[in-house]
Amino acid sequence: MTLPLILIIAGLVAWPAAYALYLSTLNRRMTASVGFDNYMFMIESETFWMVAWQSCFFAITAVLLKALIGFWLAHMLHHLPVRGQRKWRGMLLVPWVIPPALSTLGWWWMFDPSYSSINWIINVFGFPDVPWLGHPWWARIAVITVNVWYGAPFFMIMYLAALKSVPEQLYEAAAIDGATGTQKLFYVTLPMMRNIISITVLFSMIVTFANYDIVRVLTNGGPRDTTHLFATYAAQVGILSGHLPRGAAVSLFMLPVLAVAAFFILRGVTRRTREMV
């Protein structure tokens with residue numbers, strides 16, 4: 001019964017991963033093996049370490065903001081009437097439904113130095129223009145902003161489902177004991193949602209680390225490679241520069257980072273599940 005799924009995973013995940021590992025050990029013409037030379041070249045490259053730092057900063061910051069905003073939105077929706085919930089839930093899910101490449105084009109127009117609507121609003125209040133895509137830190141902020149805008153609805157819908165599953169009896173018992181709203185949040189809501197929070201953060205961390213669309217459309221890694229992530233830098237090295245083995249080596253550097261994060265998060269989920277049983 002599981003054989004079809006195993007074959008699909010093997011064909012779409014295991015085989016490409018194994019081939020990428022093999023490809024990363026070849027020379028530029030892919031005619032001979034060079035061992036770990038491609039990895040050593042990356043390790044000795046300052047640009048690669050800048051990309052690694054940017055990827056970690058981008059992923060951690062974006063996931064943290066998405067988790068906080070998503071939880072706040074879910075908490076607000078949870079206390080609305082059912083009819084109001086449906087309307088607001090539908091509207092708040094729009095950013096997540098729109099293809100990221102398409103929505104990023106809209107953000108690119110808003111950040112454009114010549115036609116920026118955001119700068120126009122800033123000018124109305126007497127502040128000077130902000131070089132959103134022309135300055136390294138402003139460009140990083142712009143990329144993170146678009147990613148948070150796109151991904152926060154996913155956290156919202158996951159956390160809203162988790163909030164719906166928390167038994168009302170727990171809140172009633174906490175109210176009888178004199179618990180405040182903050183105490184209910186930290187001692188009832190969050191403990192009951194820990195597994196959902198962990199799984200959602202892990203999934204979003206993987207997707208955010210591998211993000212390509214937003215950076216490619218918004219900044220294309222600029223200015224001066226200061227917004228490149230692993231995925232966009234691998235595409236630049238492997239496809240645009242014509243060095244597929246080195247591009248495969250760059251993409252495989254994401255694996256140990258995500259594997260370590262997945263190990264600790266899933267271990268925590270398993271431990272809490274056993275405690276609940």
# chains A, B, ... in the order shown; residues from 1 in each chain; ligands from 1
call {"tool": "select_by_dssp", "arguments": {"residues": "region 37-257 of chain A", "states": "alpha helix (DSSP H)", "output": "VMD selection string"}}
result
chain A and resid 37 to 43 46 to 78 82 to 92 94 to 97 100 to 111 117 to 124 136 to 164 168 to 176 181 to 184 190 to 209 213 to 218 230 to 235 244 to 252 254 to 257
call {"tool": "residues_around", "arguments": {"residues": "Ser116 (chain A)", "least_positions_apart": "5", "cutoff": "12 Å", "atoms": "only C-alpha atoms", "output": "list in words"}}
result
Gly106, Trp107, Trp108, Trp109, Met110, Phe111, Ile121, Ile122, Asn123, Asp129, Val130, Pro131, Trp132 and Leu133 of chain A
call {"tool": "write_last_selection", "arguments": {"atoms": "N, CA and C atoms", "output": "compact mmCIF listing (two decimals), in the first residue's frame"}}
result
# COMPACT_ATOMS: atom_id res chain seq x y z
N GLY A 106 4.42 43.25 -7.64
CA GLY A 106 3.72 44.39 -7.06
C GLY A 106 4.57 45.08 -6.01
N TRP A 107 5.24 44.29 -5.17
CA TRP A 107 6.12 44.86 -4.16
C TRP A 107 7.32 45.55 -4.82
N TRP A 108 7.82 44.99 -5.91
CA TRP A 108 8.95 45.61 -6.61
C TRP A 108 8.56 47.00 -7.11
N TRP A 109 7.34 47.14 -7.59
CA TRP A 109 6.87 48.46 -8.02
C TRP A 109 6.78 49.40 -6.82
N MET A 110 6.32 48.92 -5.68
CA MET A 110 6.21 49.78 -4.50
C MET A 110 7.57 50.20 -3.95
N PHE A 111 8.61 49.36 -4.18
CA PHE A 111 9.95 49.68 -3.71
C PHE A 111 10.79 50.39 -4.77
N ILE A 121 4.38 57.98 0.22
CA ILE A 121 3.71 58.14 1.53
C ILE A 121 4.68 58.73 2.55
N ILE A 122 5.94 58.25 2.50
CA ILE A 122 6.95 58.78 3.42
C ILE A 122 7.17 60.27 3.17
N ASN A 123 7.18 60.67 1.90
CA ASN A 123 7.38 62.09 1.56
C ASN A 123 6.23 62.95 2.07
N ASP A 129 13.33 60.12 0.76
CA ASP A 129 13.19 58.81 0.13
C ASP A 129 14.12 57.79 0.78
N VAL A 130 13.68 56.54 0.77
CA VAL A 130 14.48 55.43 1.28
C VAL A 130 14.94 54.58 0.11
N PRO A 131 16.23 54.33 -0.04
CA PRO A 131 16.72 53.49 -1.16
C PRO A 131 16.47 52.02 -0.89
N TRP A 132 15.22 51.59 -1.02
CA TRP A 132 14.82 50.25 -0.60
C TRP A 132 15.65 49.15 -1.25
N LEU A 133 15.90 49.26 -2.54
CA LEU A 133 16.60 48.20 -3.27
C LEU A 133 18.03 48.57 -3.63
call {"tool": "residues_around", "arguments": {"residues": "Ala67 (chain A)", "least_positions_apart": "5", "cutoff": "8 Å", "atoms": "only C-alpha atoms", "output": "ChimeraX atom specification"}}
result
/A:152,155,201
call {"tool": "write_last_selection", "arguments": {"atoms": "N, CA, C and O atoms", "output": "PDB file, in the first residue's frame"}}
result
ATOM      1  N   ALA A 152       2.983  34.914   6.551  1.00  0.00           N
ATOM      2  CA  ALA A 152       2.254  35.035   7.814  1.00  0.00           C
ATOM      3  C   ALA A 152       0.868  34.385   7.772  1.00  0.00           C
ATOM      4  O   ALA A 152       0.441  33.787   8.774  1.00  0.00           O
ATOM      5  N   PHE A 155       0.994  30.719   8.875  1.00  0.00           N
ATOM      6  CA  PHE A 155       1.065  30.567  10.323  1.00  0.00           C
ATOM      7  C   PHE A 155      -0.296  30.845  10.959  1.00  0.00           C
ATOM      8  O   PHE A 155      -0.702  30.162  11.893  1.00  0.00           O
ATOM      9  N   VAL A 201       6.939  25.973  12.449  1.00  0.00           N
ATOM     10  CA  VAL A 201       8.212  26.682  12.360  1.00  0.00           C
ATOM     11  C   VAL A 201       9.219  25.875  11.546  1.00  0.00           C
ATOM     12  O   VAL A 201       9.950  26.432  10.704  1.00  0.00           O
TER      13      VAL A 201
END
call {"tool": "residues_around", "arguments": {"residues": "Pro153 (chain A)", "least_positions_apart": "4", "cutoff": "12 Å", "atoms": "only C-alpha atoms", "output": "count of residues only"}}
result
31
call {"tool": "closest_residue", "arguments": {"among": "A:Ser24, A:Met193, A:Val207, A:Leu3", "to": "Met40 (chain A)", "atoms": "only C-alpha atoms"}}
result
A:Ser24
call {"tool": "atom_distance", "arguments": {"atom1": "CA of Ala210 (chain A)", "atom2": "CA of Ile6 (chain A)"}}
result
23.4 Å
call {"tool": "atom_distance", "arguments": {"atom1": "CA of Thr189 (chain A)", "atom2": "CA of Val166 (chain A)"}}
result
7.2 Å
call {"tool": "atom_distance", "arguments": {"atom1": "CA of Ala248 (chain A)", "atom2": "CA of Ser198 (chain A)"}}
result
29.2 Å
call {"tool": "closest_residue", "arguments": {"among": "A:Pro167, A:Gly242, A:Gly84, A:Pro223", "to": "Trp138 (chain A)", "atoms": "only C-alpha atoms"}}
result
A:Pro223
call {"tool": "residues_around", "arguments": {"residues": "region 225-240 of chain A", "least_positions_apart": "4", "cutoff": "7 Å", "atoms": "only C-alpha atoms", "output": "VMD selection string"}}
result
chain A and resid 51 to 52 54 to 55 136 139 to 140 210 to 212 216 221 244 to 248 250 to 251
